[in-house]
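To start, the structure itself, in structure tokens.
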Amino acid sequence: MKRKSLFTLLILIITAVTLTGCSDVSVGKRANQTDNWSRLKKRGYVTIGVDDTFVPMGFRQKNGKLVGYDVDLAKAVFKLYGLKVSFQTIDWSMNTTELKNGTIDLIWNGFTKTPARKAKVAFSKTYLYSEQVLVSLRKNKIKTYTDMTNKTLGAQTGSSGYNDIMAQPKVLKNRIKDHDPVLYDSFTNAFIDLNAGRIQGLLIDSSYSDYYIARQKDPNNFISVKGAFPKDAFGVGMRKSDHTLQRKINAGLDKLAKNGTLAKINRKWFGNNANSPLLPNN
């Protein structure tokens with residue numbers, strides 16, 4: 001009798017696990033095939049996937065509060081539609097997978113438009129330009145990309161910088177030690193290794209590097225080398241089926257550009273250094 005009861009219990013557990021897995025797959029499949037705007041409006045919020053160490057786009061303050069340029073911009077856009085924003089920290093290398101699985105609705109965190117990403121997601125219009133820069137300690141005497149020959153380079157896993165390294169091997173990949181960069185889950189950890197001398201260079205988005213370096217005790221200890229890779233165009237990533245959401249975000253960005261909110265957010269986080277194609281004289 002006990003053996004039969006145990007067998008029945010095991011069958012029930014296996015069935016429950018199987019159904020849960022099928023349910024998750026079903027949710028992701030349904031989200032990828034549906035224009036989800038009506039569902040989001042009914043729910044009252046959108047879920048945005050972020051790397052919460054990416055200053056100044058989205059990062060945690062010492063008290064744990066998430067702040068940043070993209071945090072402010074996303075809240076401002078969805079406030080126009082009466083929607084709240086829920087930010088969910090994700091493994092950045094899995095961002096498009098999280099979107100496909102339906103665990104997040106958007107990727108809005110300094111998300112660079114690339115051909116590979118465009119094949120997987122739909123993008124909003126570009127709202128900000130940035131660029132990849134090679135950051136090093138001044139004492140390392142890295143003044144050009146050629147100076148990285150046989151030196152150790154760092155990059156973030158899944159970042160546009162890493163994609164540039166691999167797509168244009170003659171620029172850095174073929175020069176650096178082992179012909180591959182050391183990969184980090186966050187730029188925070190990469191800067192720790194740069195300061196400790198474990199890597200001699202770091203390919204990083206200029207918006208992050210400028211913010212980080214400006215807040216160091218002695219910014220002159222660092223040097224940034226620009227110009228070897230194409231400009232980064234930041235956009236909001238979403239499922240290809242979300243046509244209404246795409247239109248709403250684009251319309252919201254345009255409205256914020258016209259009413260002065262975008263310029264205000266730009267000044268808050270970048271001073272006069274923001275480069276937005278949505279604003280005049282940019």
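Here, A, B, ... name the chains of the structure tokens in the order displayed, residue numbers run from 1 inside each chain, and ligands are numbered from 1 in the same displayed order.
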Set out as a Markdown table a contact list for stretch 208-281 of chain A and stretch 70-91 of chain A with a cut-off of 9 Å, giving each residue of stretch 208-281 of chain A that qualifies its closest atom pair and distance in Å to one decimal, counting only C-alpha atoms, ordered by chain and rising residue number.
```
| residue | atom | partner | partner_atom | distance |
| --- | --- | --- | --- | --- |
| A:Lys248 | CA | A:Tyr81 | CA | 8.5 |
| A:Ile249 | CA | A:Val77 | CA | 6.7 |
| A:Ala251 | CA | A:Val77 | CA | 8.8 |
| A:Gly252 | CA | A:Val77 | CA | 5.2 |
| A:Leu253 | CA | A:Val77 | CA | 6.5 |
| A:Lys255 | CA | A:Val77 | CA | 8.6 |
| A:Leu256 | CA | A:Val77 | CA | 7.4 |
| A:Thr261 | CA | A:Ala76 | CA | 8.0 |
| A:Leu262 | CA | A:Leu73 | CA | 7.4 |
| A:Ile265 | CA | A:Asp72 | CA | 7.1 |
```
Selection above as a file: N, CA, C and O atoms, as a compact mmCIF listing (two decimals), in the first residue's frame:
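Ended up saving to again_14.txt:
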```txt
# COMPACT_ATOMS: atom_id res chain seq x y z
N LYS A 248 3.87 52.89 -29.99
CA LYS A 248 3.65 53.69 -28.79
C LYS A 248 4.97 54.25 -28.24
O LYS A 248 5.04 55.41 -27.82
N ILE A 249 5.99 53.41 -28.22
CA ILE A 249 7.29 53.86 -27.72
C ILE A 249 7.86 54.94 -28.63
O ILE A 249 8.35 55.97 -28.15
N ALA A 251 6.23 56.99 -30.61
CA ALA A 251 5.43 58.21 -30.44
C ALA A 251 5.77 58.88 -29.12
O ALA A 251 5.83 60.11 -29.03
N GLY A 252 5.99 58.08 -28.07
CA GLY A 252 6.34 58.62 -26.76
C GLY A 252 7.68 59.32 -26.78
O GLY A 252 7.84 60.41 -26.20
N LEU A 253 8.67 58.73 -27.44
CA LEU A 253 9.99 59.35 -27.55
C LEU A 253 9.90 60.68 -28.29
O LEU A 253 10.52 61.67 -27.90
N LYS A 255 7.30 62.64 -28.46
CA LYS A 255 6.60 63.62 -27.61
C LYS A 255 7.55 64.17 -26.54
O LYS A 255 7.54 65.38 -26.27
N LEU A 256 8.37 63.30 -25.96
CA LEU A 256 9.32 63.74 -24.94
C LEU A 256 10.38 64.66 -25.54
O LEU A 256 10.88 65.57 -24.86
N THR A 261 11.24 67.09 -22.19
CA THR A 261 11.59 66.09 -21.19
C THR A 261 12.87 65.33 -21.56
O THR A 261 13.72 65.07 -20.70
N LEU A 262 13.02 64.99 -22.83
CA LEU A 262 14.22 64.26 -23.26
C LEU A 262 15.48 65.09 -23.03
O LEU A 262 16.48 64.59 -22.52
N ILE A 265 16.33 65.05 -19.32
CA ILE A 265 16.95 63.79 -18.90
C ILE A 265 18.38 63.69 -19.42
O ILE A 265 19.28 63.23 -18.71
```
Shell around A:Trp92 at 10 Å using only C-alpha atoms, local window under 4 positions removed, as a PDB file with N, CA, C and O atoms, in the first residue's frame:
```pdb
ATOM      1  N   GLY A  49      13.868  44.323 -18.969  1.00  0.00           N
ATOM      2  CA  GLY A  49      15.075  43.619 -18.547  1.00  0.00           C
ATOM      3  C   GLY A  49      16.283  44.544 -18.570  1.00  0.00           C
ATOM      4  O   GLY A  49      16.489  45.273 -19.541  1.00  0.00           O
ATOM      5  N   VAL A  50      17.082  44.520 -17.491  1.00  0.00           N
ATOM      6  CA  VAL A  50      18.238  45.408 -17.385  1.00  0.00           C
ATOM      7  C   VAL A  50      19.452  44.687 -16.800  1.00  0.00           C
ATOM      8  O   VAL A  50      19.320  43.709 -16.077  1.00  0.00           O
ATOM      9  N   ASP A  51      20.626  45.210 -17.139  1.00  0.00           N
ATOM     10  CA  ASP A  51      21.860  44.901 -16.423  1.00  0.00           C
ATOM     11  C   ASP A  51      21.999  46.027 -15.404  1.00  0.00           C
ATOM     12  O   ASP A  51      22.285  47.174 -15.767  1.00  0.00           O
ATOM     13  N   ASP A  52      21.775  45.745 -14.136  1.00  0.00           N
ATOM     14  CA  ASP A  52      21.705  46.812 -13.139  1.00  0.00           C
ATOM     15  C   ASP A  52      23.064  47.283 -12.631  1.00  0.00           C
ATOM     16  O   ASP A  52      23.176  47.898 -11.568  1.00  0.00           O
ATOM     17  N   THR A  96      18.016  38.496 -25.134  1.00  0.00           N
ATOM     18  CA  THR A  96      17.021  38.161 -26.160  1.00  0.00           C
ATOM     19  C   THR A  96      16.284  36.867 -25.822  1.00  0.00           C
ATOM     20  O   THR A  96      15.122  36.698 -26.195  1.00  0.00           O
ATOM     21  N   THR A  97      16.944  35.975 -25.095  1.00  0.00           N
ATOM     22  CA  THR A  97      16.284  34.737 -24.658  1.00  0.00           C
ATOM     23  C   THR A  97      15.187  35.046 -23.651  1.00  0.00           C
ATOM     24  O   THR A  97      14.084  34.482 -23.720  1.00  0.00           O
ATOM     25  N   GLU A  98      15.481  35.946 -22.709  1.00  0.00           N
ATOM     26  CA  GLU A  98      14.476  36.354 -21.719  1.00  0.00           C
ATOM     27  C   GLU A  98      13.275  36.990 -22.410  1.00  0.00           C
ATOM     28  O   GLU A  98      12.120  36.764 -22.023  1.00  0.00           O
ATOM     29  N   ILE A 107      13.764  45.150 -23.743  1.00  0.00           N
ATOM     30  CA  ILE A 107      15.170  45.313 -23.357  1.00  0.00           C
ATOM     31  C   ILE A 107      15.465  46.798 -23.539  1.00  0.00           C
ATOM     32  O   ILE A 107      15.470  47.308 -24.662  1.00  0.00           O
ATOM     33  N   ASN A 109      18.214  49.243 -22.012  1.00  0.00           N
ATOM     34  CA  ASN A 109      19.354  49.390 -21.105  1.00  0.00           C
ATOM     35  C   ASN A 109      20.637  49.587 -21.918  1.00  0.00           C
ATOM     36  O   ASN A 109      21.524  48.758 -21.894  1.00  0.00           O
ATOM     37  N   GLN A 156      32.641  42.931 -21.863  1.00  0.00           N
ATOM     38  CA  GLN A 156      31.491  42.311 -21.206  1.00  0.00           C
ATOM     39  C   GLN A 156      30.876  41.253 -22.116  1.00  0.00           C
ATOM     40  O   GLN A 156      30.708  41.463 -23.322  1.00  0.00           O
ATOM     41  N   THR A 157      30.503  40.125 -21.536  1.00  0.00           N
ATOM     42  CA  THR A 157      29.828  39.066 -22.274  1.00  0.00           C
ATOM     43  C   THR A 157      28.536  39.589 -22.895  1.00  0.00           C
ATOM     44  O   THR A 157      27.724  40.218 -22.226  1.00  0.00           O
ATOM     45  N   GLY A 158      28.361  39.347 -24.187  1.00  0.00           N
ATOM     46  CA  GLY A 158      27.127  39.729 -24.857  1.00  0.00           C
ATOM     47  C   GLY A 158      27.009  41.200 -25.185  1.00  0.00           C
ATOM     48  O   GLY A 158      25.975  41.633 -25.688  1.00  0.00           O
ATOM     49  N   SER A 159      28.061  41.985 -24.931  1.00  0.00           N
ATOM     50  CA  SER A 159      27.998  43.426 -25.187  1.00  0.00           C
ATOM     51  C   SER A 159      28.251  43.721 -26.659  1.00  0.00           C
ATOM     52  O   SER A 159      28.806  42.913 -27.403  1.00  0.00           O
ATOM     53  N   ASP A 185      30.950  39.465 -16.499  1.00  0.00           N
ATOM     54  CA  ASP A 185      29.500  39.568 -16.436  1.00  0.00           C
ATOM     55  C   ASP A 185      29.058  41.005 -16.266  1.00  0.00           C
ATOM     56  O   ASP A 185      27.922  41.367 -16.580  1.00  0.00           O
ATOM     57  N   SER A 186      29.949  41.869 -15.768  1.00  0.00           N
ATOM     58  CA  SER A 186      29.628  43.283 -15.610  1.00  0.00           C
ATOM     59  C   SER A 186      30.896  44.111 -15.776  1.00  0.00           C
ATOM     60  O   SER A 186      32.012  43.634 -15.534  1.00  0.00           O
TER      61      SER A 186
END
```
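Atom CA of A:Leu172 lies 12.9 Å from atom CA of A:Lys226.
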Q: From a DSSP calculation on the backbone, collect every residue of stretch 68-131 of chain A in alpha helix (DSSP H) and output the set as a ChimeraX atom specification.
A: /A:69-79,95-101,115-118
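Going from atom CA of A:Ala190 to atom CA of A:Val133 covers 14.0 Å.
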Q.
Please list as number ranges by chain every residue within 7 Å of A:Leu202, counting only C-alpha atoms and excluding residues in the same chain fewer than 2 positions away.
A. A: 134-136, 153-155, 204
Write the residues of the selection above to a file with N, CA and C atoms, as a short mmCIF file (atom, residue, chain, number, x, y, z; two decimals), in the first residue's frame.
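Result file again_5.cif:
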```cif
data_model
loop_
_atom_site.label_atom_id
_atom_site.label_comp_id
_atom_site.auth_asym_id
_atom_site.auth_seq_id
_atom_site.Cartn_x
_atom_site.Cartn_y
_atom_site.Cartn_z
N LEU A 134 38.40 52.31 -25.96
CA LEU A 134 39.39 51.47 -25.30
C LEU A 134 39.91 52.23 -24.09
N VAL A 135 39.60 51.72 -22.90
CA VAL A 135 40.01 52.39 -21.65
C VAL A 135 41.19 51.64 -21.04
N SER A 136 42.16 52.41 -20.57
CA SER A 136 43.32 51.82 -19.92
C SER A 136 43.81 52.77 -18.84
N LEU A 153 43.01 42.10 -22.98
CA LEU A 153 41.85 42.98 -23.15
C LEU A 153 40.64 42.40 -22.44
N GLY A 154 39.83 43.27 -21.85
CA GLY A 154 38.58 42.85 -21.22
C GLY A 154 37.37 43.36 -21.98
N ALA A 155 36.25 42.65 -21.88
CA ALA A 155 34.98 43.06 -22.49
C ALA A 155 33.85 42.39 -21.72
N ILE A 204 34.71 49.31 -23.94
CA ILE A 204 33.52 49.61 -23.17
C ILE A 204 32.75 50.76 -23.82
#
```
Identify all residues of stretch 192-248 of chain A in strand (DSSP E or B) (DSSP on the backbone) and supply them as an mmCIF file with C-alpha atoms, in the first residue's frame.
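Contents of states.cif, as written:
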```cif
data_model
loop_
_atom_site.group_PDB
_atom_site.id
_atom_site.type_symbol
_atom_site.label_atom_id
_atom_site.label_comp_id
_atom_site.auth_asym_id
_atom_site.auth_seq_id
_atom_site.Cartn_x
_atom_site.Cartn_y
_atom_site.Cartn_z
ATOM 1 C CA GLY A 201 42.687 47.469 -21.642
ATOM 2 C CA LEU A 202 38.884 47.415 -21.564
ATOM 3 C CA LEU A 203 36.574 47.914 -24.546
ATOM 4 C CA ILE A 204 33.518 49.614 -23.166
ATOM 5 C CA ASP A 205 30.664 51.907 -24.066
ATOM 6 C CA PHE A 222 42.760 56.775 -16.997
ATOM 7 C CA ILE A 223 42.959 57.238 -20.734
ATOM 8 C CA SER A 224 40.280 56.552 -23.376
ATOM 9 C CA VAL A 225 41.102 55.802 -27.011
ATOM 10 C CA ASP A 232 26.516 52.713 -31.312
ATOM 11 C CA ALA A 233 22.825 53.460 -31.846
ATOM 12 C CA PHE A 234 20.743 52.801 -28.719
ATOM 13 C CA GLY A 237 14.334 45.980 -28.060
ATOM 14 C CA MET A 238 11.002 44.154 -28.203
#
```
Q: Grab the atom CA of A:Tyr212 to atom CA of A:Thr188 distance for me, in Å with one decimal place.
A: 9.3 Å
(Q) Can you pull out the residues contacting A:Pro280? Cut-off 12 Å, using only C-alpha atoms, and skip same-chain residues under 5 positions away; I want them as a PyMOL selection string. (A) chain A and resi 254+257-258+260+262-263+274-275
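Of the listed residues A:Asn259, A:Thr244, A:Ser130, A:Asn220, the one whose atoms come nearest to A:Lys41 is A:Thr244, with distances taken using only C-alpha atoms.
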